Protein chains: 2
Amino acid sequence: MADWKNLDQLDSYKALVEDPTRVDLRSALAGEPGGQRVRDYSVPMAGGLSFNYAARQVDDGILQKLDALAKESQLAEKFAELYNGAMVNTGEKRLVLHHLTRGQLGDPVIAEGVDKRAFYVEQQERIAAFAKRVHAGEVTNAAGEPFTTVVQIGIGGSDLGPRAVYLALENWARAEGELKMEARFISNVDPDDAVGVLSTIDVAHSLFILVSKSGTTLETLTNEAFVKDALVKAGLNPADHMVAVTSQTSPLAQNSGYLAAFFMDDHIGGRYSSTSAVGGAVLSLAFGPEVFAAFLDGAAAMDKLSATAEPLENPAMLDALIGVYERNILGYECTAVLPYSQALSRFPAHLQQADMESNGKSVNRFGEPVDYVTGPVLFGEPGTNGQHSFYQLLHQGKNIVPLQFVGFRQNQSGTDVLIEGSSSQQKLGANVAAQIVAFACGKDDDDPNKRFDGGRPSSIIIGERLTPESLGALLSHFENKIMFQGFLWNLNSFDQEGVQLGKVLAKRVLAHNTDGALAVYSELLGI
Amino acid sequence: MADWKNLDQLDSYKALVEDPTRVDLRSALAGEPGGQRVRDYSVPMAGGLSFNYAARQVDDGILQKLDALAKESQLAEKFAELYNGAMVNTGEKRLVLHHLTRGQLGDPVIAEGVDKRAFYVEQQERIAAFAKRVHAGEVTNAAGEPFTTVVQIGIGGSDLGPRAVYLALENWARAEGELKMEARFISNVDPDDAVGVLSTIDVAHSLFILVSKSGTTLETLTNEAFVKDALVKAGLNPADHMVAVTSQTSPLAQNSGYLAAFFMDDHIGGRYSSTSAVGGAVLSLAFGPEVFAAFLDGAAAMDKLSATAEPLENPAMLDALIGVYERNILGYECTAVLPYSQALSRFPAHLQQADMESNGKSVNRFGEPVDYVTGPVLFGEPGTNGQHSFYQLLHQGKNIVPLQFVGFRQNQSGTDVLIEGSSSQQKLGANVAAQIVAFACGKDDDDPNKRFDGGRPSSIIIGERLTPESLGALLSHFENKIMFQGFLWNLNSFDQEGVQLGKVLAKRVLAHNTDGALAVYSELLGI
């Protein structure tokens, strides 16, 4: 059994706190030794990716201390306990099994009397069979016409991850002839969200996936009502157009109002559910089950690499350690994720949820307050767009924000154009290379307004092309990074008690059971 | 002439630094006095909006000191100098005239020998006439068929603001029968951005707006080449499908490759250009010139209010002052913008640019380093989506993030559904009211994991409905807030030298004129 201790109880952490070393990136990356550092500070990932940390604020001495921290914190042992089925989500008394949706890293995990790997595979196979029947025109609308659009109705983890993954692969699928159905997403309880999506699709040829683990999520059921209204108004029977993804015990399971129900369980948190039936249904319908399987394979390969005990061979663990060093020793409060790939436009929003909901906490896994900072604020937009926007603050603002770049050597569509002797893809790559060096090395200038201090750390994940495999590996990298950081901070990264209070108060408002400030706010908002 | 001083030179700022008061929001908002505070701490805005700051961390004493800061910092005088045509953008030696696109607040401003208000109005009238001809079917494609889609090609300020505004009004326009043309946007130099948009539109019925002040923006010209390729491949003449928004001296002006050219000038920065021809062309084509005019009217009314010298009657000034108090006295590094309106889905991304590019700086307007923190990191997503995502950290994380909510009493589409006795719009409003109180007041619990410390400040802008007028007022509020904060920090909020270094280095990469770290990064990225 691993020993779960607070970060500040560890000798290796105290050694880091006492180490006065502060790496000067300007000199670290200068000249030919700087070039050699870029070659050396790189570790292979799955899916053809590599994690390059040459522009992070570490050197061999700091890395050695982080290695000691990894060992003393028993990161590999804790991950092994997790994938072997320990009750790591202590608060909710649940296992943490999203890795099992893509592979078996350790022992069989039995819960609720079933082998959970077999359960997840069974759901994948049921989804695959259903998707194939839809694509083959065996499941159709009442008029016998094929479904052309799939619409996910879900919120939070049932929305952001699957949406980010869909957008990440839409252009790839179009280029490869694998776009079977277009996907759309309805999430917000704001009625204009559903109205907006419904006004731009052909409901008669749309299949709707209702995603709610409990079958009682208010936003989701409300949006389902919108969709059913629209179907009925179009003279259609909702039961011919609806599929559910839910738990086996929910009111949506074995319900004749749905063409089919695919199952998840309590051991996979919403923000980790893209590789479960929550992502599986919409992605298998949009791209075909083979593409979804390739996405899972990429994640499985990266999970396997994440089980390595040596941080210098384990990019997720290394990224986590350096991130904790930046947050707790260097004191940086935010982090930005900046993919140089338009396809990853919503990937930062998904990571924002995955990271901030997992580690934005102030008590440890035993419910005791911790005396150190935990998860950072995470934000991001794709480059080069961001360069013309908030990068100003990142380059010349008063606070330092560590950056995570992502870049690919090839684009997804295979279509490109040569202007001034270079392709757009080359311009994209040139820009991200330039940004890393500009942030790290800066530039002196007689005019202080044009001076760049540099010393702003970043890392980059580089791949050949954004494909289902490399996307799966990318997702797994960040999921496992967040998990390792939760281990380091001694948090339970798998509950989310911070979302509860607002729900309780919102119900009071709707029941008109309020007084004082809440009553006046409600009145001002016309309720 | 106003006296431009650093924040820490002002006696009123020193008084704030020395004031040990820290408002406890839990007690400030408790009971009936809390309800009264919510009624009192509210100031009307234009467009039917109001700014409610009851949950910001201030009291009458702090507000009095902020009032003194506003006066000593001469905020109203500085704004008057700006709108009367002083060279406020000192670094680039330009005026700051975006307010003139929507009204004349002060004296006539003459630059380059012309009355600038008349110039901007002339461009609006030219755009309006052109848009009406397109809508009337007088400007068509070569086959004489009407244009149904308008596609903006631009990046940064030529993209984020117009895109955010378009999305904010799309559902409104659909409900009101004012959606004349659907709009799409191409921005990223990533070739997959253009490929993706082009694969989902009918180019034969699309009108493309190329937006580049200089006519030389690399991303934009590259994407234009993509579009022209697509038009040629479809057997169409690009010149029949292209419009330019540019400066009068650019190569795109008086160019037979464009159906028309509409003009902007150097006195309006990209991030402030939504109300200029940059936003005017795409928005007038999408919604009609009357809708764009209503949007400008809302902004103009809010600008007028922003000229008031009394902070308690000037919401933009008050918001700015409280924001500086939170940033410099309370030490909060980030701020989040959380609109409870799906239509405002990209408004936070636009504000992220407007705020972080304006005030993410470390030298004052004279080029001298400042010894205090300046612009915060700004991020945000619409509620209720965010509640199921990063709000966990906002509620229970180790750092406090001040929040800016936006909410409306009515939705845009007028369509809604009753579930469990309340409409979706009521649920939306109930949630934002609940969140404000949850963040401010928290909740004790025997289980520390379920404990909410509270004390997390927020304000809310409340409106009747998101319309062109109220959206214009909302935009102006934030633009003017950012301007006032720049005055307080003594920054030039209107240049962006921090984006230059990356451009220079990217050109070196493309010219293969690199060594050391930059050469190796370029190699790894396949260039």
# chains A, B, ... in the order shown; residues from 1 in each chain; ligands from 1
>>> residues_around(residues="A:Pro191", least_positions_apart="5", cutoff="9 Å", atoms="only C-alpha atoms", output="JSON, numbers by chain")
{"A": [196, 222, 223, 226], "B": [342, 411, 412, 413, 414, 415, 416, 417, 423, 424, 425, 428]}
>>> select_by_dssp(residues="stretch 88-240 of chain B", states="strand (DSSP E or B)", output="list in words")
Asn89, Arg94, Ile110, Ala111, Val114, Asp115, Thr149, Val150, Val151, Gln152, Ile153, Glu182, Ala183, Arg184, Phe185, Ile186, Ser206, Leu207, Phe208, Ile209, Leu210 and Val211 of chain B
>>> write_last_selection(atoms="N, CA and C atoms", output="short mmCIF file (atom, residue, chain, number, x, y, z; two decimals), in the first residue's frame")
data_model
loop_
_atom_site.label_atom_id
_atom_site.label_comp_id
_atom_site.auth_asym_id
_atom_site.auth_seq_id
_atom_site.Cartn_x
_atom_site.Cartn_y
_atom_site.Cartn_z
N ASN B 89 -2.04 57.28 -27.75
CA ASN B 89 -1.19 56.12 -28.09
C ASN B 89 0.21 56.66 -28.39
N ARG B 94 -0.20 57.71 -32.29
CA ARG B 94 -1.52 57.68 -32.94
C ARG B 94 -2.59 58.20 -31.98
N ILE B 110 -9.78 66.30 -36.03
CA ILE B 110 -9.26 66.40 -37.40
C ILE B 110 -7.91 65.69 -37.43
N ALA B 111 -7.75 64.75 -38.33
CA ALA B 111 -6.45 64.09 -38.51
C ALA B 111 -6.31 63.78 -39.99
N VAL B 114 -8.77 65.41 -42.33
CA VAL B 114 -10.21 65.17 -42.43
C VAL B 114 -10.84 65.09 -41.05
N ASP B 115 -12.13 65.37 -41.00
CA ASP B 115 -12.90 65.19 -39.77
C ASP B 115 -13.12 63.68 -39.62
N THR B 149 -24.05 33.67 -47.85
CA THR B 149 -23.09 33.53 -46.75
C THR B 149 -22.02 34.61 -46.88
N VAL B 150 -21.60 35.15 -45.75
CA VAL B 150 -20.48 36.10 -45.75
C VAL B 150 -19.38 35.50 -44.87
N VAL B 151 -18.15 35.53 -45.39
CA VAL B 151 -17.03 34.92 -44.70
C VAL B 151 -15.96 35.97 -44.43
N GLN B 152 -15.67 36.20 -43.15
CA GLN B 152 -14.64 37.17 -42.77
C GLN B 152 -13.29 36.46 -42.73
N ILE B 153 -12.31 37.02 -43.43
CA ILE B 153 -10.93 36.51 -43.36
C ILE B 153 -10.10 37.56 -42.63
N GLU B 182 -25.76 34.19 -43.36
CA GLU B 182 -24.97 33.55 -42.31
C GLU B 182 -23.52 33.98 -42.45
N ALA B 183 -22.85 34.14 -41.33
CA ALA B 183 -21.45 34.53 -41.37
C ALA B 183 -20.56 33.40 -40.87
N ARG B 184 -19.38 33.30 -41.47
CA ARG B 184 -18.34 32.37 -41.04
C ARG B 184 -17.02 33.14 -40.95
N PHE B 185 -16.04 32.54 -40.31
CA PHE B 185 -14.78 33.24 -40.05
C PHE B 185 -13.59 32.33 -40.29
N ILE B 186 -12.60 32.83 -41.01
CA ILE B 186 -11.34 32.11 -41.21
C ILE B 186 -10.24 32.99 -40.62
N SER B 206 -21.09 32.66 -51.72
CA SER B 206 -20.41 33.27 -50.57
C SER B 206 -19.66 34.53 -50.98
N LEU B 207 -19.74 35.49 -50.10
CA LEU B 207 -19.03 36.75 -50.27
C LEU B 207 -17.94 36.75 -49.19
N PHE B 208 -16.70 37.03 -49.58
CA PHE B 208 -15.57 36.98 -48.65
C PHE B 208 -15.09 38.39 -48.34
N ILE B 209 -14.87 38.66 -47.07
CA ILE B 209 -14.35 39.97 -46.67
C ILE B 209 -12.93 39.79 -46.17
N LEU B 210 -11.99 40.36 -46.87
CA LEU B 210 -10.60 40.30 -46.46
C LEU B 210 -10.33 41.52 -45.58
N VAL B 211 -9.91 41.27 -44.33
CA VAL B 211 -9.69 42.38 -43.40
C VAL B 211 -8.23 42.45 -43.01
#
>>> residues_around(residues="A:Ala519", least_positions_apart="2", cutoff="12 Å", atoms="only C-alpha atoms", output="PyMOL selection string")
(chain A and resi 505-506+508-517+521-527) or (chain B and resi 29-32+34-39+430+433-434+436-437)
>>> atom_distance(atom1="atom CA of A:Thr216", atom2="atom CA of A:Asn255")
14.0 Å
>>> closest_residue(among="B:Leu474, B:Ala299, B:Val373, B:Leu491", to="chain A", atoms="only C-alpha atoms")
B:Val373
>>> atom_distance(atom1="atom CA of B:Gly472", atom2="atom CA of B:Gly383")
20.8 Å
>>> select_by_dssp(residues="stretch 210-429 of chain A", states="alpha helix (DSSP H)", output="number ranges by chain")
A: 218-233, 277-287, 289-306, 315-324, 347-359, 391-396, 424-429
>>> write_last_selection(atoms="C-alpha atoms", output="PDB file, in the first residue's frame")
ATOM      1  CA  LEU A 218     -31.452  19.025 -14.979  1.00  0.00           C
ATOM      2  CA  GLU A 219     -29.779  20.803 -17.918  1.00  0.00           C
ATOM      3  CA  THR A 220     -29.718  17.638 -19.976  1.00  0.00           C
ATOM      4  CA  LEU A 221     -33.319  16.624 -19.363  1.00  0.00           C
ATOM      5  CA  THR A 222     -34.436  20.160 -20.102  1.00  0.00           C
ATOM      6  CA  ASN A 223     -32.626  20.118 -23.400  1.00  0.00           C
ATOM      7  CA  GLU A 224     -34.067  16.711 -24.166  1.00  0.00           C
ATOM      8  CA  ALA A 225     -37.526  18.231 -23.755  1.00  0.00           C
ATOM      9  CA  PHE A 226     -36.592  20.873 -26.336  1.00  0.00           C
ATOM     10  CA  VAL A 227     -35.459  18.236 -28.773  1.00  0.00           C
ATOM     11  CA  LYS A 228     -38.554  16.099 -28.260  1.00  0.00           C
ATOM     12  CA  ASP A 229     -40.742  19.155 -28.822  1.00  0.00           C
ATOM     13  CA  ALA A 230     -38.948  19.833 -32.078  1.00  0.00           C
ATOM     14  CA  LEU A 231     -39.320  16.225 -33.190  1.00  0.00           C
ATOM     15  CA  VAL A 232     -43.014  16.139 -32.365  1.00  0.00           C
ATOM     16  CA  LYS A 233     -43.565  19.461 -34.151  1.00  0.00           C
ATOM     17  CA  ALA A 277     -19.537   5.202 -23.774  1.00  0.00           C
ATOM     18  CA  VAL A 278     -19.979   8.956 -23.202  1.00  0.00           C
ATOM     19  CA  GLY A 279     -17.501   9.717 -25.970  1.00  0.00           C
ATOM     20  CA  GLY A 280     -17.836   6.328 -27.623  1.00  0.00           C
ATOM     21  CA  ALA A 281     -21.405   6.691 -28.846  1.00  0.00           C
ATOM     22  CA  VAL A 282     -21.101  10.082 -30.526  1.00  0.00           C
ATOM     23  CA  LEU A 283     -17.582   9.457 -31.881  1.00  0.00           C
ATOM     24  CA  SER A 284     -18.395   5.973 -33.218  1.00  0.00           C
ATOM     25  CA  LEU A 285     -21.461   7.354 -34.942  1.00  0.00           C
ATOM     26  CA  ALA A 286     -19.570  10.327 -36.368  1.00  0.00           C
ATOM     27  CA  PHE A 287     -16.404   8.545 -37.487  1.00  0.00           C
ATOM     28  CA  PRO A 289     -16.073   2.388 -34.546  1.00  0.00           C
ATOM     29  CA  GLU A 290     -12.648   1.706 -36.085  1.00  0.00           C
ATOM     30  CA  VAL A 291     -11.653   5.338 -35.701  1.00  0.00           C
ATOM     31  CA  PHE A 292     -12.852   5.355 -32.103  1.00  0.00           C
ATOM     32  CA  ALA A 293     -10.845   2.161 -31.497  1.00  0.00           C
ATOM     33  CA  ALA A 294      -7.706   3.809 -32.909  1.00  0.00           C
ATOM     34  CA  PHE A 295      -8.276   6.753 -30.554  1.00  0.00           C
ATOM     35  CA  LEU A 296      -8.481   4.296 -27.641  1.00  0.00           C
ATOM     36  CA  ASP A 297      -5.319   2.534 -28.818  1.00  0.00           C
ATOM     37  CA  GLY A 298      -3.400   5.805 -28.720  1.00  0.00           C
ATOM     38  CA  ALA A 299      -4.616   6.457 -25.198  1.00  0.00           C
ATOM     39  CA  ALA A 300      -3.818   2.878 -24.101  1.00  0.00           C
ATOM     40  CA  ALA A 301      -0.256   3.123 -25.384  1.00  0.00           C
ATOM     41  CA  MET A 302       0.231   6.387 -23.531  1.00  0.00           C
ATOM     42  CA  ASP A 303      -1.282   4.929 -20.361  1.00  0.00           C
ATOM     43  CA  LYS A 304       1.239   2.114 -20.536  1.00  0.00           C
ATOM     44  CA  LEU A 305       4.087   4.601 -20.824  1.00  0.00           C
ATOM     45  CA  SER A 306       2.631   6.520 -17.888  1.00  0.00           C
ATOM     46  CA  PRO A 315       6.342  12.254 -20.008  1.00  0.00           C
ATOM     47  CA  ALA A 316       3.067  12.569 -18.073  1.00  0.00           C
ATOM     48  CA  MET A 317       4.905  12.111 -14.780  1.00  0.00           C
ATOM     49  CA  LEU A 318       7.686  14.481 -15.788  1.00  0.00           C
ATOM     50  CA  ASP A 319       5.217  17.135 -16.941  1.00  0.00           C
ATOM     51  CA  ALA A 320       3.383  16.778 -13.620  1.00  0.00           C
ATOM     52  CA  LEU A 321       6.567  17.148 -11.588  1.00  0.00           C
ATOM     53  CA  ILE A 322       7.771  20.202 -13.474  1.00  0.00           C
ATOM     54  CA  GLY A 323       4.287  21.695 -13.172  1.00  0.00           C
ATOM     55  CA  VAL A 324       4.318  21.275  -9.393  1.00  0.00           C
ATOM     56  CA  PHE A 347      -9.081  21.068 -26.421  1.00  0.00           C
ATOM     57  CA  PRO A 348      -7.963  23.789 -23.965  1.00  0.00           C
ATOM     58  CA  ALA A 349     -11.572  24.140 -22.739  1.00  0.00           C
ATOM     59  CA  HIS A 350     -11.663  20.403 -22.101  1.00  0.00           C
ATOM     60  CA  LEU A 351      -8.327  20.514 -20.268  1.00  0.00           C
ATOM     61  CA  GLN A 352      -9.560  23.507 -18.310  1.00  0.00           C
ATOM     62  CA  GLN A 353     -12.307  21.298 -16.962  1.00  0.00           C
ATOM     63  CA  ALA A 354     -10.147  18.203 -16.525  1.00  0.00           C
ATOM     64  CA  ASP A 355      -7.432  20.073 -14.657  1.00  0.00           C
ATOM     65  CA  MET A 356      -9.299  22.716 -12.657  1.00  0.00           C
ATOM     66  CA  GLU A 357     -12.127  20.410 -11.605  1.00  0.00           C
ATOM     67  CA  SER A 358      -9.676  17.697 -10.563  1.00  0.00           C
ATOM     68  CA  ASN A 359      -7.077  19.684  -8.664  1.00  0.00           C
ATOM     69  CA  TYR A 391       0.241  36.765 -26.020  1.00  0.00           C
ATOM     70  CA  GLN A 392       1.037  40.444 -25.347  1.00  0.00           C
ATOM     71  CA  LEU A 393       0.556  39.795 -21.628  1.00  0.00           C
ATOM     72  CA  LEU A 394       2.390  36.486 -21.802  1.00  0.00           C
ATOM     73  CA  HIS A 395       5.442  38.226 -23.335  1.00  0.00           C
ATOM     74  CA  GLN A 396       5.499  41.523 -21.479  1.00  0.00           C
ATOM     75  CA  SER A 424       0.831  27.522 -44.377  1.00  0.00           C
ATOM     76  CA  GLN A 425       1.795  24.484 -42.316  1.00  0.00           C
ATOM     77  CA  GLN A 426       5.427  25.606 -42.382  1.00  0.00           C
ATOM     78  CA  LYS A 427       4.378  29.090 -41.315  1.00  0.00           C
ATOM     79  CA  LEU A 428       2.426  27.544 -38.453  1.00  0.00           C
ATOM     80  CA  GLY A 429       5.432  25.497 -37.323  1.00  0.00           C
TER      81      GLY A 429
END
>>> atom_distance(atom1="atom CA of A:Lys5", atom2="atom CA of A:Arg365")
9.4 Å
>>> closest_residue(among="A:Asn237, A:Ser458, A:Gln104, A:Asn52", to="chain B", atoms="only C-alpha atoms")
A:Asn52
>>> residues_around(residues="B:Ala142", least_positions_apart="6", cutoff="9 Å", atoms="only C-alpha atoms", output="ChimeraX atom specification")
/B:204,236-237,240
>>> closest_residue(among="B:Ser459, B:Ser212, B:Ser187, B:Asn328", to="A:Gly386", atoms="only C-alpha atoms")
B:Ser187
>>> closest_atom_pairs(of="stretch 361-435 of chain A", to="stretch 158-164 of chain B", cutoff="12 Å", atoms="only C-alpha atoms", output="Markdown table")
| residue | atom | partner | partner_atom | distance |
| --- | --- | --- | --- | --- |
| A:Glu381 | CA | B:Leu160 | CA | 11.5 |
| A:Asn385 | CA | B:Asp159 | CA | 9.0 |
| A:Gly386 | CA | B:Leu160 | CA | 10.1 |
| A:His388 | CA | B:Ser158 | CA | 9.7 |
| A:Ser389 | CA | B:Leu160 | CA | 8.7 |
| A:Phe390 | CA | B:Leu160 | CA | 11.4 |
>>> residues_around(residues="A:His99", least_positions_apart="3", cutoff="12 Å", atoms="only C-alpha atoms", output="number ranges by chain")
A: 79-80, 82-85, 95-96, 102-106, 109, 116-117, 120, 267-269, 272-276, 296-304, 306-307, 472, 475-477, 479-480, 483
>>> closest_residue(among="B:Ala118, B:Ala28, B:Ala260, B:Ala131", to="chain A", atoms="only C-alpha atoms")
B:Ala28
>>> residues_around(residues="B:Leu25", least_positions_apart="3", cutoff="10 Å", atoms="only C-alpha atoms", output="list in words")
Arg22, Ala28, Leu29, Ala30, Gly34, Ala54, Ala55, Arg56, Gln57, Val58, Asp59, Val437, Phe439, Ala440, Cys441, Gly442, Gly454, Gly455, Arg456 and Pro457 of chain B
>>> write_last_selection(atoms="N, CA, C and O atoms", output="mmCIF file, in the first residue's frame")
data_model
loop_
_atom_site.group_PDB
_atom_site.id
_atom_site.type_symbol
_atom_site.label_atom_id
_atom_site.label_comp_id
_atom_site.auth_asym_id
_atom_site.auth_seq_id
_atom_site.Cartn_x
_atom_site.Cartn_y
_atom_site.Cartn_z
ATOM 1 N N ARG B 22 -10.479 44.865 5.073
ATOM 2 C CA ARG B 22 -10.733 43.798 4.104
ATOM 3 C C ARG B 22 -12.188 43.400 4.275
ATOM 4 O O ARG B 22 -12.562 42.866 5.325
ATOM 5 N N ALA B 28 -21.038 40.860 4.805
ATOM 6 C CA ALA B 28 -21.604 41.974 4.024
ATOM 7 C C ALA B 28 -22.909 41.567 3.343
ATOM 8 O O ALA B 28 -23.821 42.388 3.193
ATOM 9 N N LEU B 29 -23.007 40.316 2.930
ATOM 10 C CA LEU B 29 -24.193 39.871 2.196
ATOM 11 C C LEU B 29 -25.165 39.079 3.070
ATOM 12 O O LEU B 29 -26.147 38.529 2.572
ATOM 13 N N ALA B 30 -24.917 39.036 4.352
ATOM 14 C CA ALA B 30 -25.779 38.226 5.232
ATOM 15 C C ALA B 30 -27.085 38.953 5.564
ATOM 16 O O ALA B 30 -27.121 40.179 5.669
ATOM 17 N N GLY B 34 -27.832 42.423 3.879
ATOM 18 C CA GLY B 34 -27.217 41.908 2.645
ATOM 19 C C GLY B 34 -28.118 42.156 1.451
ATOM 20 O O GLY B 34 -27.666 42.553 0.376
ATOM 21 N N ALA B 54 -22.522 44.481 -5.627
ATOM 22 C CA ALA B 54 -22.758 44.167 -4.207
ATOM 23 C C ALA B 54 -21.851 43.055 -3.700
ATOM 24 O O ALA B 54 -21.541 42.992 -2.512
ATOM 25 N N ALA B 55 -21.427 42.166 -4.594
ATOM 26 C CA ALA B 55 -20.583 41.050 -4.164
ATOM 27 C C ALA B 55 -19.106 41.290 -4.478
ATOM 28 O O ALA B 55 -18.304 40.360 -4.434
ATOM 29 N N ARG B 56 -18.779 42.544 -4.808
ATOM 30 C CA ARG B 56 -17.346 42.869 -4.920
ATOM 31 C C ARG B 56 -16.846 43.205 -3.508
ATOM 32 O O ARG B 56 -17.628 43.616 -2.631
ATOM 33 N N GLN B 57 -15.528 43.097 -3.326
ATOM 34 C CA GLN B 57 -14.979 43.179 -1.969
ATOM 35 C C GLN B 57 -14.713 44.624 -1.548
ATOM 36 O O GLN B 57 -13.585 44.994 -1.222
ATOM 37 N N VAL B 58 -15.779 45.439 -1.583
ATOM 38 C CA VAL B 58 -15.657 46.859 -1.217
ATOM 39 C C VAL B 58 -16.767 47.245 -0.236
ATOM 40 O O VAL B 58 -17.766 46.535 -0.112
ATOM 41 N N ASP B 59 -16.558 48.353 0.439
ATOM 42 C CA ASP B 59 -17.617 48.941 1.267
ATOM 43 C C ASP B 59 -17.595 50.453 1.030
ATOM 44 O O ASP B 59 -16.802 50.949 0.218
ATOM 45 N N VAL B 437 -24.124 34.129 -4.734
ATOM 46 C CA VAL B 437 -24.250 33.972 -3.281
ATOM 47 C C VAL B 437 -23.359 32.840 -2.771
ATOM 48 O O VAL B 437 -22.724 32.957 -1.713
ATOM 49 N N PHE B 439 -20.506 31.843 -4.057
ATOM 50 C CA PHE B 439 -19.115 32.316 -4.055
ATOM 51 C C PHE B 439 -18.864 33.288 -2.900
ATOM 52 O O PHE B 439 -17.832 33.240 -2.253
ATOM 53 N N ALA B 440 -19.800 34.181 -2.676
ATOM 54 C CA ALA B 440 -19.577 35.230 -1.675
ATOM 55 C C ALA B 440 -19.743 34.702 -0.260
ATOM 56 O O ALA B 440 -18.944 35.012 0.627
ATOM 57 N N CYS B 441 -20.788 33.922 -0.030
ATOM 58 C CA CYS B 441 -21.165 33.558 1.337
ATOM 59 C C CYS B 441 -20.657 32.194 1.761
ATOM 60 O O CYS B 441 -20.525 31.927 2.961
ATOM 61 N N GLY B 442 -20.399 31.308 0.802
ATOM 62 C CA GLY B 442 -19.910 29.983 1.166
ATOM 63 C C GLY B 442 -20.903 29.223 2.014
ATOM 64 O O GLY B 442 -22.092 29.574 2.102
ATOM 65 N N GLY B 454 -16.276 30.704 0.915
ATOM 66 C CA GLY B 454 -16.888 31.967 0.502
ATOM 67 C C GLY B 454 -15.838 33.057 0.387
ATOM 68 O O GLY B 454 -14.642 32.772 0.237
ATOM 69 N N GLY B 455 -16.304 34.318 0.464
ATOM 70 C CA GLY B 455 -15.358 35.424 0.357
ATOM 71 C C GLY B 455 -14.797 35.588 -1.042
ATOM 72 O O GLY B 455 -13.756 36.207 -1.223
ATOM 73 N N ARG B 456 -15.485 35.045 -2.019
ATOM 74 C CA ARG B 456 -14.998 35.107 -3.407
ATOM 75 C C ARG B 456 -15.836 36.126 -4.171
ATOM 76 O O ARG B 456 -17.022 35.915 -4.409
ATOM 77 N N PRO B 457 -15.206 37.226 -4.561
ATOM 78 C CA PRO B 457 -15.947 38.381 -5.063
ATOM 79 C C PRO B 457 -16.412 38.230 -6.503
ATOM 80 O O PRO B 457 -15.771 37.558 -7.319
#
